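These notes concern the structure reproduced below.
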Amino acid sequence: TRPSHIALPDVTGQNVDEATRILEERSFDVAIEAVPSPAPRNQVVEQDPIATGLSGDKAEEGSTVKLSVSSGPAIVAVPAVAGLPEDEARKRLENAGFRVNVQQEFSKTVRRGLAPGTEPAAGTQLSTAQPVTLLISRGANTVIVPDVVGRDDQAALAALQDAGLSGTLVQQDSTEPPGEVLNQSPAAGRRVPRGTQVTLFASTGVITVPDVVGQLRKTAVATLKKEGFVAAVTEEETAV
């Protein structure tokens with residue numbers, strides 16, 4: 001006689017004990033294989049033959065249905081990804097069974113776009129049910145100082161802020177227009193940590209001549225030179 005075929009139930013997602021009962025009631029033999037899975041322990045994650053849930057799903061009476069049953073998440077070592085590009089590092093972690101979250105961070109030692117490492121660190125024994133944070137370098141947290149000499153002091157301060165820097169003004173006597181930046185420190189073009197304070201020396205628009213009345217000629221000339229003046233000495237008679 002030809003072997004009879006009976007409807008094959010879909011037991012995926014059920015507890016292994018309930019799944020086994022359902023299949024044995026329909027005269028199927030059951031083979032169980034434990035497999036690592038993020039699904040709850042003892043849940044059927046796959047069956048062979050596969051049942052689609054349609055009325056046409058049938059299998060030979062007395063045949064064996066193989067059930068893959070979750071043993072819970074696997075515990076594996078977090079792979080080393082330091083120095084790898086983001087795509088390659090992500091793929092290595094996913095191939096190990098982990099879900100991956102990406103976090104950008106500044107690094108003085110790792111080039112932009114490469115991975116400094118992971119959290120938890122490489123080698124950590126971890127359940128694959130837990131995500132791993134992949135750290136990706138944004139490069140060093142530094143900026144280039146813009147050239148603001150010759151600009152109005154307020155415009156210069158705004159330019160520094162736009163560049164990620166702060167500025168402080170120091171007034172300096174000069175005949176240049178009031179507020180014009182005469183010099184800056186650090187100088188333009190230098191790479192400095194973000195947030196560095198740049199000192200701007202801004203013109204007052206006037207020059208204050210030191211009072212040397214009553215000083216000896218030598219002392220008066222030295223005082224004027226110290227303040228940046230060129231002294232031209234003329235003599236004139238005065239009433240005693």
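Letters for chains follow the order of the structure tokens (A, B, ...), residue numbers begin at 1 for each chain, and ligand numbers begin at 1 in the order shown.
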
request  = Tell me, as a list in words, which residues lie within 9 Å of range 33-50 of chain A, counting only C-alpha atoms; anything in the same chain fewer than 3 positions away does not count.
outcome  =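 Selected residues are Leu8, Asp10, Val11, Thr12, Gly13, Gln14, Asn15, Val16, Asp17, Ala19, Asp57, Ala59, Thr64, Val65, Lys66, Leu67, Ser68, Val69, Ser70, Ser71, Gly72, Pro73, Ala74, Ile75, Thr128 and Ala129 of chain A.
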
What would the file look like if the residues just selected were written as a compact mmCIF listing (two decimals), in the first residue's frame with N, CA, C and O atoms?
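Wrote it out as selection.txt, contents follow:
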# COMPACT_ATOMS: atom_id res chain seq x y z
N LEU A 8 0.76 18.60 7.72
CA LEU A 8 1.94 18.93 8.53
C LEU A 8 1.72 20.28 9.22
O LEU A 8 1.57 21.30 8.56
N ASP A 10 2.52 23.70 11.39
CA ASP A 10 3.64 24.63 11.58
C ASP A 10 3.79 24.87 13.08
O ASP A 10 2.90 25.43 13.72
N VAL A 11 4.92 24.42 13.65
CA VAL A 11 5.12 24.56 15.10
C VAL A 11 6.24 25.54 15.43
O VAL A 11 6.65 25.63 16.59
N THR A 12 6.73 26.26 14.44
CA THR A 12 7.78 27.24 14.75
C THR A 12 7.22 28.33 15.67
O THR A 12 6.07 28.75 15.54
N GLY A 13 8.05 28.74 16.62
CA GLY A 13 7.64 29.76 17.58
C GLY A 13 7.03 29.19 18.84
O GLY A 13 6.83 29.92 19.81
N GLN A 14 6.77 27.88 18.84
CA GLN A 14 6.17 27.26 20.01
C GLN A 14 7.24 26.65 20.92
O GLN A 14 8.36 26.38 20.49
N ASN A 15 6.87 26.42 22.17
CA ASN A 15 7.75 25.72 23.10
C ASN A 15 7.98 24.30 22.58
O ASN A 15 7.07 23.67 22.02
N VAL A 16 9.17 23.77 22.76
CA VAL A 16 9.51 22.47 22.20
C VAL A 16 8.60 21.36 22.72
O VAL A 16 8.25 20.43 21.97
N ASP A 17 8.19 21.44 24.00
CA ASP A 17 7.32 20.39 24.54
C ASP A 17 5.96 20.41 23.85
O ASP A 17 5.42 19.35 23.48
N ALA A 19 5.31 21.70 20.87
CA ALA A 19 5.51 21.35 19.47
C ALA A 19 5.62 19.83 19.30
O ALA A 19 5.05 19.24 18.37
N ASP A 57 0.02 21.59 2.89
CA ASP A 57 1.25 21.10 3.51
C ASP A 57 1.00 19.70 4.08
O ASP A 57 0.22 19.53 5.02
N ALA A 59 2.97 15.64 4.89
CA ALA A 59 4.18 14.83 4.99
C ALA A 59 3.76 13.39 5.25
O ALA A 59 2.65 13.11 5.70
N THR A 64 9.94 11.71 10.09
CA THR A 64 10.57 12.50 11.15
C THR A 64 10.55 13.99 10.79
O THR A 64 10.92 14.37 9.68
N VAL A 65 10.13 14.78 11.76
CA VAL A 65 10.20 16.24 11.63
C VAL A 65 11.33 16.72 12.53
O VAL A 65 11.33 16.44 13.74
N LYS A 66 12.28 17.40 11.94
CA LYS A 66 13.43 17.90 12.70
C LYS A 66 13.12 19.30 13.21
O LYS A 66 12.75 20.20 12.43
N LEU A 67 13.28 19.51 14.51
CA LEU A 67 13.03 20.82 15.12
C LEU A 67 14.35 21.42 15.59
O LEU A 67 15.11 20.78 16.33
N SER A 68 14.62 22.64 15.15
CA SER A 68 15.76 23.40 15.67
C SER A 68 15.24 24.24 16.82
O SER A 68 14.34 25.08 16.64
N VAL A 69 15.78 23.99 18.00
CA VAL A 69 15.26 24.60 19.23
C VAL A 69 16.31 25.53 19.84
O VAL A 69 17.49 25.16 19.96
N SER A 70 15.88 26.74 20.22
CA SER A 70 16.81 27.73 20.76
C SER A 70 17.41 27.28 22.08
O SER A 70 16.70 26.86 23.00
N SER A 71 18.74 27.37 22.15
CA SER A 71 19.43 27.14 23.41
C SER A 71 19.80 28.47 24.07
O SER A 71 20.56 28.51 25.03
N GLY A 72 19.24 29.55 23.51
CA GLY A 72 19.57 30.88 24.01
C GLY A 72 20.70 31.49 23.20
O GLY A 72 21.28 30.84 22.32
N PRO A 73 21.00 32.74 23.46
CA PRO A 73 22.06 33.41 22.70
C PRO A 73 23.42 32.74 22.91
O PRO A 73 23.71 32.21 23.98
N ALA A 74 24.23 32.76 21.88
CA ALA A 74 25.59 32.25 21.99
C ALA A 74 26.45 33.22 22.79
O ALA A 74 26.20 34.43 22.80
N ILE A 75 27.45 32.70 23.48
CA ILE A 75 28.43 33.53 24.18
C ILE A 75 29.72 33.44 23.38
O ILE A 75 30.32 32.37 23.25
N THR A 128 25.40 37.15 22.38
CA THR A 128 25.05 37.79 21.11
C THR A 128 23.69 38.48 21.18
O THR A 128 23.29 39.16 20.23
N ALA A 129 22.96 38.30 22.29
CA ALA A 129 21.71 39.03 22.47
C ALA A 129 21.98 40.49 22.84
O ALA A 129 21.09 41.33 22.75

query = Contacts of Pro186 in chain A at 12 Å or less, counting only C-alpha atoms, minus same-chain residues fewer than 3 places along, as a VMD selection string?
reply = chain A and resid 144 to 149 160 165 to 168 183 189 to 193 196 to 201

Keeping N, CA, C and O atoms, export the residues of the selection given above as a CSV table (one decimal), in the first residue's frame.
chain,number,residue,atom,x,y,z
A,144,ILE,N,41.8,74.8,12.5
A,144,ILE,CA,42.8,75.7,12.0
A,144,ILE,C,42.4,77.1,12.3
A,144,ILE,O,41.3,77.5,12.1
A,145,VAL,N,43.4,77.9,12.9
A,145,VAL,CA,43.1,79.3,13.3
A,145,VAL,C,42.9,80.1,12.0
A,145,VAL,O,43.8,80.1,11.2
A,146,PRO,N,41.8,80.8,11.9
A,146,PRO,CA,41.6,81.6,10.7
A,146,PRO,C,42.4,82.9,10.8
A,146,PRO,O,42.8,83.4,11.9
A,147,ASP,N,42.6,83.5,9.6
A,147,ASP,CA,43.3,84.8,9.6
A,147,ASP,C,42.3,85.9,9.7
A,147,ASP,O,41.5,86.1,8.8
A,148,VAL,N,42.3,86.7,10.8
A,148,VAL,CA,41.4,87.7,11.0
A,148,VAL,C,42.0,89.1,11.1
A,148,VAL,O,41.4,90.1,11.5
A,149,VAL,N,43.4,89.2,10.9
A,149,VAL,CA,44.1,90.5,10.9
A,149,VAL,C,43.5,91.4,9.8
A,149,VAL,O,43.3,90.9,8.7
A,160,LEU,N,36.0,83.6,14.6
A,160,LEU,CA,36.7,82.6,15.5
A,160,LEU,C,35.6,81.7,16.0
A,160,LEU,O,35.8,80.5,16.1
A,165,LEU,N,36.4,78.3,17.9
A,165,LEU,CA,37.4,78.9,18.8
A,165,LEU,C,36.7,80.1,19.6
A,165,LEU,O,35.6,80.5,19.2
A,166,SER,N,37.4,80.6,20.6
A,166,SER,CA,36.9,81.7,21.3
A,166,SER,C,37.9,82.8,21.1
A,166,SER,O,39.1,82.6,20.8
A,167,GLY,N,37.5,84.1,21.4
A,167,GLY,CA,38.4,85.2,21.2
A,167,GLY,C,38.3,86.2,22.4
A,167,GLY,O,37.3,86.3,23.0
A,168,THR,N,39.4,86.9,22.6
A,168,THR,CA,39.4,87.9,23.6
A,168,THR,C,40.1,89.1,23.0
A,168,THR,O,41.1,89.0,22.2
A,183,ASN,N,46.8,92.4,15.1
A,183,ASN,CA,47.6,91.1,15.2
A,183,ASN,C,46.8,90.1,16.0
A,183,ASN,O,45.7,90.4,16.5
A,189,GLY,N,46.6,79.9,10.6
A,189,GLY,CA,47.1,78.7,10.0
A,189,GLY,C,47.6,77.6,11.0
A,189,GLY,O,47.8,76.5,10.6
A,190,ARG,N,47.7,78.0,12.2
A,190,ARG,CA,48.0,77.0,13.2
A,190,ARG,C,46.9,76.0,13.5
A,190,ARG,O,45.7,76.5,13.6
A,191,ARG,N,47.2,74.8,13.8
A,191,ARG,CA,46.1,73.8,14.2
A,191,ARG,C,46.2,73.7,15.7
A,191,ARG,O,47.2,73.4,16.3
A,192,VAL,N,45.0,74.0,16.3
A,192,VAL,CA,44.9,74.1,17.8
A,192,VAL,C,43.7,73.3,18.2
A,192,VAL,O,42.8,73.0,17.5
A,193,PRO,N,43.7,72.9,19.5
A,193,PRO,CA,42.5,72.2,20.0
A,193,PRO,C,41.2,73.1,19.9
A,193,PRO,O,41.3,74.3,20.1
A,196,THR,N,40.1,76.7,21.8
A,196,THR,CA,41.2,77.5,22.2
A,196,THR,C,40.9,79.0,22.1
A,196,THR,O,40.2,79.4,21.2
A,197,GLN,N,41.4,79.7,23.0
A,197,GLN,CA,41.2,81.2,23.0
A,197,GLN,C,42.2,81.9,22.2
A,197,GLN,O,43.4,81.7,22.4
A,198,VAL,N,41.8,82.7,21.3
A,198,VAL,CA,42.7,83.5,20.4
A,198,VAL,C,42.7,84.9,20.9
A,198,VAL,O,41.6,85.5,21.0
A,199,THR,N,43.8,85.5,21.1
A,199,THR,CA,43.9,86.9,21.6
A,199,THR,C,44.0,87.8,20.3
A,199,THR,O,44.8,87.6,19.4
A,200,LEU,N,43.1,88.8,20.3
A,200,LEU,CA,43.1,89.8,19.2
A,200,LEU,C,43.5,91.1,19.7
A,200,LEU,O,43.0,91.6,20.7
A,201,PHE,N,44.5,91.7,19.0
A,201,PHE,CA,45.0,93.0,19.3
A,201,PHE,C,44.3,94.0,18.4
A,201,PHE,O,44.5,94.0,17.2

ask   = DSSP on the backbone: what in range 82-212 of chain A comes out helix (DSSP H, G or I), as a PyMOL selection string?
value = chain A and resi 86-95+153-162

Now that the selection is made, can you save its residues with N, CA and C atoms as a compact mmCIF listing (two decimals), in the first residue's frame?
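Below is the file out.txt, written as the result:
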# COMPACT_ATOMS: atom_id res chain seq x y z
N GLU A 86 34.80 51.57 8.79
CA GLU A 86 33.52 51.30 9.43
C GLU A 86 32.80 50.10 8.83
N ASP A 87 32.67 50.03 7.51
CA ASP A 87 31.92 48.94 6.88
C ASP A 87 32.52 47.58 7.20
N GLU A 88 33.86 47.51 7.12
CA GLU A 88 34.53 46.23 7.38
C GLU A 88 34.40 45.83 8.85
N ALA A 89 34.53 46.82 9.74
CA ALA A 89 34.41 46.53 11.18
C ALA A 89 33.01 46.07 11.52
N ARG A 90 31.99 46.74 10.96
CA ARG A 90 30.61 46.35 11.21
C ARG A 90 30.35 44.92 10.73
N LYS A 91 30.84 44.60 9.54
CA LYS A 91 30.61 43.27 8.98
C LYS A 91 31.25 42.19 9.86
N ARG A 92 32.44 42.48 10.38
CA ARG A 92 33.11 41.49 11.23
C ARG A 92 32.31 41.23 12.51
N LEU A 93 31.76 42.28 13.09
CA LEU A 93 30.96 42.13 14.32
C LEU A 93 29.65 41.39 14.03
N GLU A 94 29.00 41.75 12.91
CA GLU A 94 27.74 41.09 12.56
C GLU A 94 27.96 39.62 12.23
N ASN A 95 29.08 39.31 11.60
CA ASN A 95 29.37 37.90 11.28
C ASN A 95 29.59 37.07 12.55
N ASP A 153 36.95 94.09 14.74
CA ASP A 153 37.09 93.19 15.88
C ASP A 153 35.86 92.30 16.09
N GLN A 154 34.65 92.82 15.90
CA GLN A 154 33.45 92.01 16.10
C GLN A 154 33.31 90.94 15.02
N ALA A 155 33.64 91.31 13.79
CA ALA A 155 33.61 90.32 12.71
C ALA A 155 34.67 89.25 12.95
N ALA A 156 35.81 89.65 13.48
CA ALA A 156 36.88 88.71 13.79
C ALA A 156 36.45 87.73 14.87
N LEU A 157 35.79 88.24 15.91
CA LEU A 157 35.30 87.36 16.97
C LEU A 157 34.29 86.35 16.44
N ALA A 158 33.41 86.82 15.54
CA ALA A 158 32.41 85.92 14.94
C ALA A 158 33.09 84.84 14.10
N ALA A 159 34.14 85.21 13.38
CA ALA A 159 34.86 84.24 12.55
C ALA A 159 35.53 83.17 13.41
N LEU A 160 36.05 83.59 14.55
CA LEU A 160 36.67 82.63 15.46
C LEU A 160 35.62 81.66 16.01
N GLN A 161 34.46 82.20 16.37
CA GLN A 161 33.39 81.35 16.89
C GLN A 161 32.94 80.34 15.85
N ASP A 162 32.82 80.79 14.61
CA ASP A 162 32.41 79.88 13.53
C ASP A 162 33.43 78.76 13.33

request  = Please provide the set of residues having any atom within 8 Å of Pro9 in chain A, restricted to only C-alpha atoms, with same-chain residues fewer than 6 positions apart removed, written as a ChimeraX atom specification.
outcome  = /A:22-23,51,53,57

Selection file, all heavy atoms, as a short mmCIF file (atom, residue, chain, number, x, y, z; two decimals), in the first residue's frame:
data_model
loop_
_atom_site.label_atom_id
_atom_site.label_comp_id
_atom_site.auth_asym_id
_atom_site.auth_seq_id
_atom_site.Cartn_x
_atom_site.Cartn_y
_atom_site.Cartn_z
N ILE A 22 2.18 18.16 19.63
CA ILE A 22 1.34 18.34 18.45
C ILE A 22 1.75 17.39 17.33
O ILE A 22 0.91 16.74 16.67
CB ILE A 22 1.42 19.80 17.97
CG1 ILE A 22 0.76 20.74 18.99
CG2 ILE A 22 0.77 19.97 16.59
CD1 ILE A 22 0.96 22.22 18.70
N LEU A 23 3.06 17.27 17.11
CA LEU A 23 3.55 16.43 16.02
C LEU A 23 3.33 14.95 16.32
O LEU A 23 2.94 14.16 15.42
CB LEU A 23 5.04 16.71 15.79
CG LEU A 23 5.35 18.09 15.20
CD1 LEU A 23 6.84 18.37 15.26
CD2 LEU A 23 4.86 18.19 13.75
N ALA A 51 6.66 23.91 7.10
CA ALA A 51 5.21 24.03 6.90
C ALA A 51 4.87 25.49 6.67
O ALA A 51 5.30 26.35 7.42
CB ALA A 51 4.46 23.51 8.13
N GLY A 53 1.81 26.60 6.59
CA GLY A 53 0.52 26.93 7.22
C GLY A 53 -0.64 26.78 6.26
O GLY A 53 -1.80 26.97 6.64
N ASP A 57 0.02 21.59 2.89
CA ASP A 57 1.25 21.10 3.51
C ASP A 57 1.00 19.70 4.08
O ASP A 57 0.22 19.53 5.02
CB ASP A 57 1.68 22.03 4.66
CG ASP A 57 2.16 23.37 4.12
OD1 ASP A 57 2.66 23.41 2.99
OD2 ASP A 57 2.05 24.37 4.86
#

message = Rounded to one decimal, what separation in Å do you get between CA of Gln130 in chain A and CA of Arg99 in chain A?
response = 7.2 Å

inquiry  = Please list as a VMD selection string every residue within 10 Å of Val233 in chain A, counting only C-alpha atoms and excluding residues in the same chain fewer than 4 positions away.
reply    = chain A and resid 217 220 to 221

ask   = Using only C-alpha atoms, which of A:Thr219, A:Thr234, A:Ser63, A:Asn101 sits nearest Val30 in chain A?
value =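 Smallest distance to Val30 in chain A is found for A:Ser63.
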
message = As an exercise, work out the distance from CA of Leu182 in chain A to CA of Arg151 in chain A in Å and give it to one decimal place.
response =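 Calculated distance between CA of Leu182 in chain A and CA of Arg151 in chain A is 8.5 Å.
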
note = One residue among A:Asp173, A:Asp29, A:Glu18, A:Glu61 is nearest to Val206 in chain A when using only C-alpha atoms, and that residue is A:Asp173
